[in-house]
Structures are given as C-alpha cells and as structure tokens.
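Listing of final.txt; format and content: compact mmCIF, C-alpha atoms and all ligand atoms.
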# COMPACT_ATOMS: atom_id res chain seq x y z
CA MET A 1 -1.24 126.29 -7.74
CA ARG A 2 -3.16 128.06 -5.05
CA GLU A 3 -1.23 131.06 -3.77
CA TYR A 4 -1.39 131.90 -0.10
CA VAL A 5 0.94 133.34 2.49
CA ASN A 6 1.37 131.77 5.85
CA LEU A 7 3.35 133.25 8.72
CA ASN A 8 4.68 131.11 11.50
CA PHE A 9 4.03 132.07 15.09
CA GLU A 10 7.50 133.64 15.50
CA GLU A 11 6.71 135.97 12.59
CA MET A 12 3.38 137.08 14.07
CA PRO A 13 3.51 140.67 15.39
CA LYS A 14 3.79 140.69 19.18
CA TYR A 15 2.33 144.18 19.56
CA TRP A 16 -0.76 146.09 18.48
CA TYR A 17 -0.45 149.33 16.52
CA ASN A 18 -1.95 152.53 17.89
CA ILE A 19 -2.82 154.94 15.07
CA LEU A 20 -3.38 157.77 17.60
CA ALA A 21 0.42 158.12 17.83
CA ASP A 22 0.63 158.98 14.13
CA LEU A 23 -2.49 160.95 13.24
CA PRO A 24 -1.68 164.55 12.32
CA PHE A 25 -4.97 165.64 13.94
CA GLU A 26 -6.55 165.16 17.36
CA LEU A 27 -9.62 163.05 17.98
CA ASP A 28 -12.46 164.96 19.69
CA PRO A 29 -12.79 163.50 23.21
CA PRO A 30 -15.84 161.56 24.43
CA LEU A 31 -18.16 163.91 26.31
CA ASP A 32 -20.13 163.49 29.51
CA PRO A 33 -23.79 164.02 28.45
CA GLU A 34 -24.53 165.65 31.83
CA THR A 35 -21.93 168.41 31.46
CA ASN A 36 -21.03 168.36 27.75
CA LYS A 37 -17.39 168.34 28.89
CA PRO A 38 -14.83 165.54 28.38
CA ILE A 39 -15.93 162.59 30.46
CA SER A 40 -13.95 161.79 33.62
CA LEU A 41 -11.87 158.67 34.03
CA GLU A 42 -13.83 157.82 37.19
CA LYS A 43 -17.10 157.56 35.27
CA LEU A 44 -15.52 155.43 32.57
CA LEU A 45 -13.99 153.14 35.20
CA ARG A 46 -17.49 152.12 36.20
CA LEU A 47 -17.82 150.55 32.74
CA PHE A 48 -14.33 149.46 31.68
CA PRO A 49 -11.20 148.29 33.51
CA GLN A 50 -8.21 150.63 33.86
CA PRO A 51 -5.86 148.87 31.38
CA LEU A 52 -8.43 149.13 28.57
CA LEU A 53 -9.07 152.80 29.35
CA GLU A 54 -5.32 153.43 29.27
CA GLN A 55 -5.25 151.86 25.80
CA GLU A 56 -8.30 153.89 24.79
CA MET A 57 -6.42 157.12 25.46
CA SER A 58 -2.84 156.03 24.83
CA ASN A 59 -0.49 157.86 22.48
CA LYS A 60 2.07 155.06 22.48
CA ARG A 61 2.65 153.78 18.95
CA PHE A 62 3.07 150.10 19.80
CA ILE A 63 1.41 148.25 22.66
CA LYS A 64 2.89 144.92 23.69
CA ILE A 65 0.50 141.96 23.56
CA PRO A 66 0.69 140.13 26.92
CA GLU A 67 1.97 136.53 26.87
CA ASP A 68 -1.38 135.11 28.04
CA ILE A 69 -3.13 136.66 25.03
CA LEU A 70 -0.38 135.56 22.62
CA GLU A 71 -0.87 132.02 23.84
CA GLU A 72 -4.59 132.26 23.03
CA TYR A 73 -3.91 133.94 19.67
CA ALA A 74 -1.65 130.99 18.81
CA VAL A 75 -4.76 128.76 18.75
CA TYR A 76 -5.74 130.32 15.41
CA ARG A 77 -3.21 133.02 14.46
CA PRO A 78 -1.48 134.01 12.26
CA THR A 79 -4.32 133.75 9.77
CA LEU A 80 -3.75 133.12 6.06
CA LEU A 81 -3.63 135.70 3.30
CA ILE A 82 -5.12 133.89 0.32
CA ARG A 83 -5.14 134.84 -3.35
CA ALA A 84 -8.67 134.67 -4.75
CA SER A 85 -7.35 133.17 -7.97
CA PHE A 86 -10.61 131.43 -8.92
CA LEU A 87 -12.50 134.68 -8.46
CA GLU A 88 -9.90 136.60 -10.51
CA ARG A 89 -10.26 134.09 -13.36
CA TYR A 90 -14.06 134.24 -13.19
CA LEU A 91 -14.03 138.04 -13.34
CA GLU A 92 -11.33 138.06 -16.05
CA THR A 93 -9.69 140.91 -14.24
CA PRO A 94 -6.03 141.94 -14.47
CA ALA A 95 -6.26 142.83 -10.75
CA LYS A 96 -4.76 140.52 -8.16
CA ILE A 97 -7.20 139.92 -5.31
CA TYR A 98 -6.06 138.74 -1.88
CA TYR A 99 -8.17 138.12 1.19
CA LYS A 100 -7.22 137.90 4.83
CA TYR A 101 -9.35 135.11 6.28
CA GLU A 102 -10.42 135.67 9.90
CA GLY A 103 -13.14 133.00 9.87
CA ILE A 104 -10.60 130.45 11.11
CA SER A 105 -10.90 131.75 14.69
CA PRO A 106 -12.56 129.51 17.31
CA THR A 107 -15.97 131.17 16.93
CA GLY A 108 -15.64 132.04 13.27
CA SER A 109 -14.72 135.73 13.03
CA HIS A 110 -12.23 138.50 13.80
CA LYS A 111 -14.18 139.34 16.98
CA THR A 112 -12.04 136.86 18.99
CA ASN A 113 -9.00 139.15 18.53
CA THR A 114 -10.47 141.76 20.87
CA ALA A 115 -12.66 139.40 22.93
CA LEU A 116 -9.56 137.59 24.26
CA ALA A 117 -7.84 140.89 25.02
CA GLN A 118 -10.88 142.39 26.76
CA ALA A 119 -11.49 139.25 28.83
CA TYR A 120 -7.82 139.13 29.86
CA TYR A 121 -7.63 142.78 30.99
CA ASN A 122 -10.94 142.44 32.84
CA LYS A 123 -9.73 139.30 34.58
CA ILE A 124 -6.50 140.90 35.82
CA SER A 125 -8.53 143.90 37.00
CA GLY A 126 -10.86 141.80 39.19
CA THR A 127 -14.00 141.82 37.02
CA LYS A 128 -16.29 138.83 37.59
CA VAL A 129 -19.05 139.35 35.01
CA LEU A 130 -19.02 140.86 31.52
CA TYR A 131 -22.21 142.19 29.96
CA THR A 132 -22.41 142.84 26.26
CA GLU A 133 -24.60 143.27 23.19
CA THR A 134 -24.44 141.23 20.02
CA GLY A 135 -25.99 141.60 16.58
CA ALA A 136 -25.59 138.46 14.51
CA GLY A 137 -24.02 136.66 17.49
CA GLN A 138 -20.41 136.67 16.28
CA TRP A 139 -19.32 139.07 19.01
CA GLY A 140 -21.40 137.36 21.71
CA SER A 141 -19.93 133.97 20.85
CA ALA A 142 -16.37 135.36 20.71
CA LEU A 143 -16.80 136.98 24.14
CA SER A 144 -18.41 133.84 25.58
CA TYR A 145 -15.39 131.83 24.41
CA ALA A 146 -12.93 134.42 25.76
CA GLY A 147 -14.80 134.65 29.07
CA LEU A 148 -14.61 130.89 29.45
CA LYS A 149 -10.87 130.96 28.71
CA PHE A 150 -10.19 133.64 31.34
CA GLY A 151 -12.76 132.59 33.94
CA LEU A 152 -15.42 135.31 33.58
CA LYS A 153 -19.21 135.00 33.36
CA VAL A 154 -20.53 136.44 30.10
CA LYS A 155 -24.09 137.74 29.69
CA VAL A 156 -25.26 138.72 26.25
CA PHE A 157 -28.19 140.80 24.98
CA MET A 158 -28.73 139.58 21.43
CA VAL A 159 -30.72 141.72 18.99
CA ARG A 160 -34.10 139.99 18.72
CA THR A 161 -34.26 139.78 14.93
CA SER A 162 -30.88 137.94 14.83
CA TYR A 163 -31.85 135.81 17.84
CA LYS A 164 -34.75 134.53 15.75
CA GLN A 165 -32.76 134.24 12.48
CA LYS A 166 -29.68 132.48 13.90
CA PRO A 167 -30.54 129.92 16.62
CA ALA A 168 -27.16 128.15 16.17
CA ARG A 169 -25.35 131.30 17.29
CA LYS A 170 -27.28 131.23 20.56
CA GLN A 171 -26.36 127.56 20.97
CA LEU A 172 -22.70 128.38 20.33
CA MET A 173 -22.77 131.07 23.05
CA ASN A 174 -24.42 128.60 25.43
CA PHE A 175 -21.83 125.96 24.48
CA PHE A 176 -19.10 128.34 25.63
CA GLU A 177 -21.17 129.02 28.77
CA GLY A 178 -22.41 132.47 27.81
CA GLU A 179 -25.97 133.42 28.83
CA VAL A 180 -28.09 134.96 26.07
CA VAL A 181 -31.40 136.82 26.06
CA PRO A 182 -33.15 138.45 23.11
CA SER A 183 -33.16 142.25 23.17
CA PRO A 184 -35.32 144.22 23.82
CA SER A 185 -35.90 142.08 26.93
CA ASP A 186 -38.02 142.55 30.02
CA LEU A 187 -34.92 142.36 32.26
CA THR A 188 -34.18 146.07 32.05
CA VAL A 189 -36.03 149.38 32.12
CA SER A 190 -34.41 150.15 28.75
CA GLY A 191 -35.79 146.94 27.23
CA LYS A 192 -39.27 147.48 28.64
CA ARG A 193 -39.55 150.76 26.71
CA TYR A 194 -40.08 148.69 23.56
CA ASN A 195 -42.81 146.18 22.81
CA LYS A 196 -42.12 142.44 22.91
CA ASN A 197 -42.09 141.98 19.14
CA HIS A 198 -39.70 144.84 18.46
CA PRO A 199 -36.87 143.65 16.12
CA GLY A 200 -34.28 145.33 18.32
CA SER A 201 -31.05 147.08 17.37
CA LEU A 202 -27.47 147.11 18.55
CA GLY A 203 -28.16 150.51 20.15
CA ILE A 204 -30.96 149.06 22.32
CA ALA A 205 -28.91 145.97 23.25
CA ILE A 206 -26.02 148.23 24.34
CA SER A 207 -28.41 150.22 26.58
CA GLU A 208 -29.64 146.99 28.21
CA ALA A 209 -26.10 145.68 28.81
CA MET A 210 -24.96 149.00 30.29
CA GLU A 211 -27.97 149.19 32.58
CA LYS A 212 -27.07 145.77 34.03
CA VAL A 213 -23.43 146.83 34.54
CA ILE A 214 -24.50 149.92 36.47
CA GLU A 215 -26.55 147.65 38.82
CA ASN A 216 -23.69 145.22 39.52
CA GLU A 217 -20.40 146.33 41.18
CA GLU A 218 -18.61 143.18 40.01
CA ALA A 219 -19.58 143.62 36.38
CA LYS A 220 -18.05 145.52 33.49
CA TYR A 221 -19.15 146.18 29.98
CA ALA A 222 -17.39 144.84 26.86
CA LEU A 223 -18.02 146.42 23.47
CA GLY A 224 -17.35 144.49 20.26
CA SER A 225 -16.52 147.45 18.03
CA VAL A 226 -16.34 151.26 17.74
CA LEU A 227 -13.97 152.17 20.61
CA ASN A 228 -10.27 152.94 20.09
CA HIS A 229 -9.07 149.96 22.13
CA VAL A 230 -11.21 147.56 20.08
CA LEU A 231 -9.71 148.82 16.81
CA LEU A 232 -6.27 148.65 18.46
CA HIS A 233 -6.65 144.92 19.19
CA GLN A 234 -7.85 144.31 15.65
CA THR A 235 -4.69 145.83 14.14
CA ILE A 236 -3.18 142.35 14.44
CA ILE A 237 -5.10 141.73 11.15
CA GLY A 238 -3.46 144.60 9.26
CA LEU A 239 -0.01 144.05 10.80
CA GLU A 240 -0.01 140.43 9.67
CA THR A 241 -1.36 141.41 6.24
CA LYS A 242 1.45 143.91 5.84
CA LYS A 243 4.09 141.25 6.56
CA GLN A 244 2.38 138.80 4.22
CA LEU A 245 2.27 141.30 1.36
CA GLU A 246 5.92 142.15 1.98
CA LYS A 247 6.74 138.44 1.61
CA LEU A 248 5.05 138.56 -1.79
CA GLY A 249 6.86 141.77 -2.68
CA LEU A 250 3.51 143.49 -3.17
CA SER A 251 2.14 146.84 -2.14
CA PRO A 252 -1.67 147.19 -1.98
CA ASP A 253 -3.55 149.71 -4.13
CA ILE A 254 -6.95 149.13 -2.53
CA ILE A 255 -7.79 147.75 0.93
CA ILE A 256 -11.38 146.83 1.65
CA GLY A 257 -13.41 145.76 4.67
CA CYS A 258 -17.05 145.57 5.61
CA HIS A 259 -18.09 148.22 8.10
CA GLY A 260 -20.44 147.84 11.06
CA GLY A 261 -18.84 149.77 13.90
CA GLY A 262 -15.48 149.79 12.15
CA SER A 263 -13.36 147.19 13.96
CA ASN A 264 -12.38 144.73 11.19
CA PHE A 265 -12.07 147.55 8.66
CA GLY A 266 -10.01 149.66 11.09
CA GLY A 267 -7.91 146.71 12.18
CA THR A 268 -7.06 146.01 8.55
CA ILE A 269 -6.32 149.52 7.26
CA LEU A 270 -4.82 151.35 10.25
CA PRO A 271 -1.31 149.86 9.88
CA PHE A 272 -1.31 151.21 6.28
CA VAL A 273 -2.61 154.73 7.01
CA THR A 274 0.82 156.33 7.56
CA GLU A 275 1.75 155.27 4.01
CA LYS A 276 -1.22 157.23 2.71
CA LEU A 277 -0.40 160.18 4.98
CA SER A 278 3.06 160.29 3.43
CA GLY A 279 1.63 160.48 -0.06
CA LYS A 280 1.18 156.90 -1.30
CA ASP A 281 -1.80 156.41 -3.60
CA ILE A 282 -3.78 153.82 -1.67
CA LYS A 283 -7.55 153.56 -1.39
CA PHE A 284 -9.26 152.42 1.81
CA LEU A 285 -12.84 151.35 1.13
CA ALA A 286 -15.42 150.68 3.86
CA CYS A 287 -18.43 148.67 2.62
CA GLU A 288 -21.74 149.03 4.41
CA PRO A 289 -25.41 148.11 3.81
CA GLU A 290 -27.55 150.52 1.83
CA SER A 291 -30.18 150.07 4.56
CA CYS A 292 -27.81 151.22 7.33
CA PRO A 293 -25.62 153.75 5.53
CA THR A 294 -23.71 155.27 8.45
CA LEU A 295 -20.63 156.50 6.59
CA THR A 296 -22.28 157.22 3.25
CA LYS A 297 -25.37 159.06 4.52
CA GLY A 298 -24.79 159.76 8.24
CA GLU A 299 -23.90 163.09 9.85
CA TYR A 300 -20.54 163.76 11.53
CA ARG A 301 -21.42 164.94 15.02
CA TYR A 302 -21.55 163.96 18.67
CA ASP A 303 -24.08 161.21 19.42
CA PHE A 304 -24.75 158.47 21.93
CA GLY A 305 -23.39 154.99 21.23
CA ASP A 306 -26.63 153.40 22.47
CA SER A 307 -30.33 154.05 21.96
CA VAL A 308 -31.35 155.19 25.43
CA GLY A 309 -28.44 157.56 26.03
CA PHE A 310 -26.29 155.87 28.70
CA THR A 311 -22.96 156.00 26.88
CA PRO A 312 -20.66 159.00 26.68
CA LEU A 313 -21.19 161.14 23.59
CA LEU A 314 -18.87 160.11 20.77
CA LYS A 315 -17.86 162.26 17.80
CA MET A 316 -18.71 160.04 14.86
CA TYR A 317 -20.72 159.53 11.71
CA THR A 318 -24.19 158.60 12.91
CA LEU A 319 -27.68 157.95 11.59
CA GLY A 320 -29.01 159.04 14.99
CA LYS A 321 -29.31 156.92 18.11
CA ASP A 322 -33.01 156.23 17.43
CA PHE A 323 -32.40 154.83 13.95
CA ILE A 324 -33.77 151.28 13.71
CA PRO A 325 -32.30 149.57 10.65
CA PRO A 326 -34.38 147.14 8.57
CA GLU A 327 -34.06 143.47 9.54
CA ILE A 328 -31.23 142.55 7.17
CA HIS A 329 -29.29 139.31 7.66
CA ALA A 330 -25.98 141.12 8.23
CA GLY A 331 -26.96 141.79 11.85
CA GLY A 332 -23.45 142.94 12.74
CA LEU A 333 -23.77 145.88 10.34
CA ARG A 334 -27.04 147.17 11.84
CA TYR A 335 -25.42 149.90 13.92
CA HIS A 336 -26.25 153.61 13.80
CA GLY A 337 -22.70 154.87 14.45
CA ALA A 338 -19.13 154.41 13.28
CA ALA A 339 -15.86 154.26 15.21
CA PRO A 340 -14.56 157.78 16.00
CA ILE A 341 -11.18 156.85 14.43
CA ILE A 342 -12.81 155.71 11.16
CA SER A 343 -15.17 158.68 11.27
CA ILE A 344 -12.40 161.26 11.42
CA LEU A 345 -10.46 159.45 8.67
CA ALA A 346 -13.61 159.52 6.53
CA LYS A 347 -14.22 163.19 7.35
CA LYS A 348 -10.63 163.99 6.26
CA ARG A 349 -11.25 161.94 3.09
CA LEU A 350 -8.54 159.42 3.92
CA VAL A 351 -11.16 156.69 3.92
CA GLU A 352 -13.91 156.16 1.32
CA ALA A 353 -17.20 154.36 1.82
CA ALA A 354 -19.65 152.56 -0.46
CA SER A 355 -23.02 151.01 0.26
CA PHE A 356 -24.55 147.83 -1.17
CA LYS A 357 -28.03 146.33 -1.41
CA GLN A 358 -28.55 143.08 0.52
CA SER A 359 -29.32 141.23 -2.74
CA GLU A 360 -26.00 142.39 -4.29
CA THR A 361 -23.99 141.24 -1.27
CA PHE A 362 -25.54 137.77 -1.22
CA LYS A 363 -24.98 137.44 -4.97
CA ALA A 364 -21.30 138.34 -4.51
CA ALA A 365 -20.97 135.99 -1.53
CA LYS A 366 -22.50 133.05 -3.44
CA ILE A 367 -20.14 133.56 -6.39
CA PHE A 368 -17.22 133.75 -3.97
CA ALA A 369 -18.28 130.67 -1.97
CA LYS A 370 -18.74 128.52 -5.03
CA LEU A 371 -15.35 129.55 -6.45
CA GLU A 372 -13.20 129.91 -3.36
CA GLY A 373 -14.77 127.31 -1.08
CA ILE A 374 -15.56 129.54 1.88
CA ILE A 375 -19.12 130.56 2.75
CA PRO A 376 -18.82 134.14 4.03
CA ALA A 377 -20.73 135.74 6.88
CA PRO A 378 -23.40 138.10 5.49
CA GLU A 379 -21.39 141.01 6.97
CA SER A 380 -18.19 139.95 5.18
CA ALA A 381 -20.20 139.61 1.95
CA HIS A 382 -20.20 143.42 1.78
CA ALA A 383 -16.39 143.43 1.49
CA ILE A 384 -16.61 140.84 -1.30
CA ALA A 385 -19.14 142.98 -3.18
CA GLY A 386 -16.72 145.91 -2.84
CA ALA A 387 -13.75 143.84 -4.01
CA ILE A 388 -15.65 142.55 -7.06
CA GLU A 389 -16.70 146.08 -7.98
CA GLU A 390 -13.08 147.31 -7.74
CA ALA A 391 -11.77 144.30 -9.72
CA LEU A 392 -14.27 144.99 -12.51
CA LYS A 393 -13.28 148.65 -12.51
CA ALA A 394 -9.61 147.57 -12.88
CA LYS A 395 -10.66 145.34 -15.81
CA LYS A 396 -12.41 148.24 -17.54
CA GLU A 397 -9.42 150.52 -16.98
CA LYS A 398 -6.94 147.72 -17.85
CA LYS A 399 -5.03 148.28 -14.60
CA ASN A 400 -3.08 145.66 -12.62
CA LYS A 401 -4.38 146.72 -9.22
CA ILE A 402 -3.54 144.86 -6.02
CA ILE A 403 -6.79 144.51 -4.09
CA VAL A 404 -6.81 143.21 -0.52
CA PHE A 405 -9.89 142.62 1.58
CA THR A 406 -10.65 141.14 4.94
CA LEU A 407 -13.04 138.21 5.01
CA SER A 408 -14.08 138.87 8.58
CA GLY A 409 -16.00 135.66 9.25
CA HIS A 410 -17.54 132.49 7.90
CA GLY A 411 -21.25 132.10 7.32
CA LEU A 412 -21.77 128.46 8.29
CA PHE A 413 -24.36 129.53 10.86
CA ASP A 414 -26.03 131.81 8.32
CA LEU A 415 -27.13 129.24 5.75
CA SER A 416 -30.79 129.98 6.30
CA ALA A 417 -30.06 133.57 5.28
CA TYR A 418 -28.56 132.30 2.03
CA ILE A 419 -31.53 130.05 1.42
C1 LIG B 501 -18.33 138.58 10.68
C2 LIG B 501 -18.52 140.02 11.02
N1 LIG B 501 -17.92 140.95 10.23
C3 LIG B 501 -18.07 142.27 10.48
C4 LIG B 501 -18.83 142.71 11.54
C5 LIG B 501 -18.98 144.18 11.74
O1 LIG B 501 -18.33 144.69 12.84
P1 LIG B 501 -17.08 145.60 12.72
O2 LIG B 501 -17.42 146.72 11.82
O3 LIG B 501 -16.82 146.04 14.11
O4 LIG B 501 -15.95 144.77 12.19
C6 LIG B 501 -19.45 141.80 12.39
C7 LIG B 501 -20.24 142.26 13.53
O5 LIG B 501 -20.87 141.56 14.23
C8 LIG B 501 -19.29 140.42 12.10
O6 LIG B 501 -19.89 139.50 12.86

Could you show the structure in this file as structure tokens?
Ligand SMILES: Cc1ncc(COP(=O)(O)O)c(C=O)c1O
Amino acid sequence: MREYVNLNFEEMPKYWYNILADLPFELDPPLDPETNKPISLEKLLRLFPQPLLEQEMSNKRFIKIPEDILEEYAVYRPTLLIRASFLERYLETPAKIYYKYEGISPTGSHKTNTALAQAYYNKISGTKVLYTETGAGQWGSALSYAGLKFGLKVKVFMVRTSYKQKPARKQLMNFFEGEVVPSPSDLTVSGKRYNKNHPGSLGIAISEAMEKVIENEEAKYALGSVLNHVLLHQTIIGLETKKQLEKLGLSPDIIIGCHGGGSNFGGTILPFVTEKLSGKDIKFLACEPESCPTLTKGEYRYDFGDSVGFTPLLKMYTLGKDFIPPEIHAGGLRYHGAAPIISILAKKRLVEAASFKQSETFKAAKIFAKLEGIIPAPESAHAIAGAIEEALKAKKEKKNKIIVFTLSGHGLFDLSAYI
C-alpha cells in the first residue's frame, strides 16, 4: 500500500513561522547603497507595501494568515507528504524517503504560497500593478494567478533563455492575464544595456522590473524568493510537514530542498531549525546546480540582489551581481545570490549545501518520474538527486535514516528539457 499523509483543512497551520524570533544571532540589515547605512523604511516603501515590510523585519514568532489567504490556500492546501516507496525499493536502501509535493498548486509549484500572500497585502495597501521577474516562469505564473485572484495587474520580465525554452509557461501567465516580456528587453534602460540575443539572468530581470516600479506610483515590486517575508510565507510547507511526520511518529534525520534563492528550502527547514539549535542531530541540505554554485562556491558578503544595482545591499552568499549562469533548464536556480536567512545559517554551519551537474539531476528526475509517477520540475530534480545520494549513503552505512525532501514543482511544462 502506498503510504502518504493527508491533513484536513482544520489541521492546516493557520499561521506562518518567523525564524527571526528564534535565531540566537542577528541578521545584518539591508544597506542603502548610497550611504552604506541601513536602508530607510521610506525607501523600501517605494518598492513594497507596509504589511510586507513589517513582516520582513518582524520579530514575532507566529504571524496569523489572513482569512482571505486561507481561503485561497484551501484550493490546494494542505499538500500531501508521500512516501517514495518505489524509489526506496529501487535503491534498496534501508532509509525511508518522504516527499512533500507542492506541484499540486494551481500553477504547479510552491511559488503560489507567497504569490497569494504578496498579492493580498498589495491589494489591501492600494497597489494597482505588480512588476516582477521570473526564471523558468513558475513564479511569474504563480503571481499572475494571484494577481487575478486579488484584482491586480501583473507584469513579468521573463529571463530570455527560459522564455525561449518554455513557451507554455508564457501561455500560462497570459491565461491568468499576466503580461510577459523576455528580459533583457528594450522597455527599460537596464534592459538596453545588453544586446538583443543576451540569454538574460534573474538579476537583469529584477533590475528591469524595479526600474518600471520606480516610474509608476501605482506599482509595487514582488519578489519570488530571497527576502525574509517570502521565506516566511513558505514556512507553511515545513509546518505542514512537521505535523505530517508527527502523525507518522517520525522525526527527520535529513531534510532536503533545491536552492535557487532559498524560498522552498527555507520554507521547508525553518520550522525544524530550533530542534537543531537545541542539539538534535538533523541535517539540512540545500541542493544547487554546479553551474550556479551560490552556497557551495559563493562569497558571504554584501551584494546587490539585481544586476544593475537598484536593490538594497543584502548580506548573503553571492557569486557577484554580474555573474551570468550558463543556460541550464532549471531556470529558477540561475540566481547569483541566496536568501540572507539561509546564508547566515550556512555561514554558521547549520545548513549544508551540495551541487549537482545538470545531467545528474535529469537522470535522478527520470528515475523518480518513472517510479513515482510525477514528472518533477528541473529545479526540484536537484532535491531528488540530493535525496538519492543520501539514501545510497544510508545503504552503504546500513542506517535507517528518515529522509524528507520538498518536491517544489511539477515539470509538465518542461518536457522539452527532458527530451
Ligand atoms: C519549481 C521550482 N523550484 C524551486 C525554485 C527555486 O526557487 P527557491 O529557491 O526560491 O525555492 C523555483 C524557482 O523558480 C521553481 O520554479
């Protein structure tokens, strides 16, 4: 029998968890690049609405999820925790492997968890238009959907290489009434700095989106990863996982997620971090591409979140704002930086990171899809590669490890990448 754990809606957590309340160290503040001092609230208000900035800086441990967002979450949440029993058998591992499947959301990934929250808080703050960037298109489609739900116009700069690789993602954004242009574009000064055939990067797309926000008083910017409030909204993943494991009477030894800017990984592990801080032996493993090795090869320092230098300076692991990653299919992992929260946890060695070649991740994803019946997004394939590696290690060491990973999205729009 297939083992999985469902929660009913009443059991779903009705709050997000804010790790900042429990960290025994302070996060370095975002800096204003003009003064090199902590950036003022006024400047940030030009980009984000007040309620999201309050969450960004909050020290409150639990933040109530508003009713309107809960109602939208109920469309697809709680999500299942599924035992990868076919994969376990195939690997002949004594480890138990569970995955939290976020691909069930309306646009196919975890990104909807924060998109709905960001659209809601923008709506109640009077925003009319949201500008954003997207890599593979998962974030752009999630925000388009959320914008439609809460009555906001959504305009997306999509990294050119992914725009070409994934036409169905563009169609999905258009279906949910989002407008999409390939980035670099000729709509902004930032975009015009690059030539028309440039593959683009998330850093460039962020610069373009921010430039448009600065021109339009009624617009705000929505970011799909990296910032504290984005990770906060994603903790619904880890909070549900925790309850589901408790139902099974299990305690995880290893928790794994793929890592682009850090939102699905952070959302999964953050509710478990206090256990590690109080001495439990638990491994948190962030899996990233070898070609964009932010946590494994980056430097821990202040850097811009975008390529041109519009954003505040964030203290994070970075490959440098000018780094242009190769045109891999996991477009959502082609980002030069990492969330400040994940970066400090990695710096303090509370989080580990591993990098994988594109060929290894597709091999792992194909094995998984053929056994488990879900075709993973190329980003999520990195978490699968990490889980397989850990399960084989457990086999070699003859250890009954409990391995949990987040399958952040499905890859039904990524079939050409598989082919
Ligand atoms: C399915 C999927 N997983 C993971 C990511 C990586 O982002 P993050 O590290 O913020 O979870 C993306 C980004 O677009 C994505 O689309």

Between atom CA of Lys128 of chain A and atom CA of Gly151 of chain A, what is the distance in Å, rounded to a tenth?
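Atom CA of Gly151 of chain A lies at a distance of 8.0 Å from atom CA of Lys128 of chain A.
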
Between A:Gly409, A:Gly386, A:Pro340, A:Pro271, which one has atoms that come closest to Tyr17 of chain A, using all atoms listed in the file?
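Of A:Gly409, A:Gly386, A:Pro340, A:Pro271, the one nearest Tyr17 of chain A, counting all atoms listed in the file, is A:Pro271.
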
May I ask which of the residues A:Ala330, A:Ile367, A:Val404, A:Val351 is the closest one to ligand LIG 501 (chain B), counting all atoms listed in the file?
A:Ala330

Residues at most 7 Å from segment 352-360 of chain A, counting all atoms listed in the file, excluding those fewer than 2 positions away in the same chain, as a count of residues only?
18

Can you list every residue of chain A that has an atom at most 7 Å from ligand LIG 501 (chain B), with its nearest atom pair and the distance in Å to one decimal, using only C-alpha atoms and all ligand atoms, ordered by chain then number, as a Markdown table?
| residue | atom | partner | partner_atom | distance |
| --- | --- | --- | --- | --- |
| A:Ser109 | CA | B:LIG501 | C1 | 5.2 |
| A:His110 | CA | B:LIG501 | C1 | 6.9 |
| A:Thr134 | CA | B:LIG501 | O5 | 6.8 |
| A:Gly135 | CA | B:LIG501 | O5 | 5.6 |
| A:Ala136 | CA | B:LIG501 | O5 | 5.7 |
| A:Gly137 | CA | B:LIG501 | O5 | 6.7 |
| A:Gln138 | CA | B:LIG501 | O6 | 4.5 |
| A:Trp139 | CA | B:LIG501 | O5 | 5.6 |
| A:Gly224 | CA | B:LIG501 | O3 | 6.4 |
| A:Ser225 | CA | B:LIG501 | O3 | 4.2 |
| A:Val226 | CA | B:LIG501 | O3 | 6.4 |
| A:Cys258 | CA | B:LIG501 | C3 | 6.0 |
| A:His259 | CA | B:LIG501 | O2 | 4.1 |
| A:Gly260 | CA | B:LIG501 | O2 | 3.3 |
| A:Gly261 | CA | B:LIG501 | O2 | 4.0 |
| A:Gly262 | CA | B:LIG501 | O2 | 3.6 |
| A:Ser263 | CA | B:LIG501 | O3 | 3.6 |
| A:Asn264 | CA | B:LIG501 | O4 | 3.7 |
| A:Phe265 | CA | B:LIG501 | O4 | 5.9 |
| A:Gly331 | CA | B:LIG501 | O5 | 6.5 |
| A:Gly332 | CA | B:LIG501 | O5 | 3.3 |
| A:Leu333 | CA | B:LIG501 | C5 | 5.3 |
| A:Ala377 | CA | B:LIG501 | C1 | 5.3 |
| A:Glu379 | CA | B:LIG501 | N1 | 4.8 |
| A:Ser380 | CA | B:LIG501 | N1 | 5.2 |
| A:Ser408 | CA | B:LIG501 | N1 | 4.7 |
| A:Gly409 | CA | B:LIG501 | C1 | 4.0 |
| A:His410 | CA | B:LIG501 | C1 | 6.7 |

Please save C-alpha atoms of the selected residues as a CSV table (one decimal), in the frame of the given file.
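Contents of the output file part-v3.csv:
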chain,number,residue,atom,x,y,z
A,109,SER,CA,-14.7,135.7,13.0
A,110,HIS,CA,-12.2,138.5,13.8
A,134,THR,CA,-24.4,141.2,20.0
A,135,GLY,CA,-26.0,141.6,16.6
A,136,ALA,CA,-25.6,138.5,14.5
A,137,GLY,CA,-24.0,136.7,17.5
A,138,GLN,CA,-20.4,136.7,16.3
A,139,TRP,CA,-19.3,139.1,19.0
A,224,GLY,CA,-17.4,144.5,20.3
A,225,SER,CA,-16.5,147.4,18.0
A,226,VAL,CA,-16.3,151.3,17.7
A,258,CYS,CA,-17.0,145.6,5.6
A,259,HIS,CA,-18.1,148.2,8.1
A,260,GLY,CA,-20.4,147.8,11.1
A,261,GLY,CA,-18.8,149.8,13.9
A,262,GLY,CA,-15.5,149.8,12.2
A,263,SER,CA,-13.4,147.2,14.0
A,264,ASN,CA,-12.4,144.7,11.2
A,265,PHE,CA,-12.1,147.6,8.7
A,331,GLY,CA,-27.0,141.8,11.8
A,332,GLY,CA,-23.4,142.9,12.7
A,333,LEU,CA,-23.8,145.9,10.3
A,377,ALA,CA,-20.7,135.7,6.9
A,379,GLU,CA,-21.4,141.0,7.0
A,380,SER,CA,-18.2,140.0,5.2
A,408,SER,CA,-14.1,138.9,8.6
A,409,GLY,CA,-16.0,135.7,9.2
A,410,HIS,CA,-17.5,132.5,7.9

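Picture a line from atom CA of Ser40 of chain A to atom CA of Phe62 of chain A; it runs 24.8 Å.
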
Minimum-distance residue to Arg46 of chain A, chosen among A:Cys292, A:Ala222, A:Ala119, A:Val181 (using only C-alpha atoms)
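Of A:Cys292, A:Ala222, A:Ala119, A:Val181, the one nearest Arg46 of chain A, counting only C-alpha atoms, is A:Ala222.
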
Check the smallest atom-to-atom distance from each of A:Asn59, A:Thr235, A:Ser201, A:Asn8 to Phe323 of chain A using only C-alpha atoms, then report the winner.
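Ranked by minimum distance to Phe323 of chain A, first place goes to A:Ser201.
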
Considering all atoms listed in the file, state which residue in the set A:Pro29, A:Val129, A:Pro325, A:Lys276 is at the smallest distance from His198 of chain A.
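When distances to His198 of chain A are compared using all atoms listed in the file, the smallest one comes from A:Pro325.
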
Using atom CA of Tyr163 of chain A and atom CA of Pro199 of chain A as the two end points, give the distance in Å to one decimal.
9.5 Å
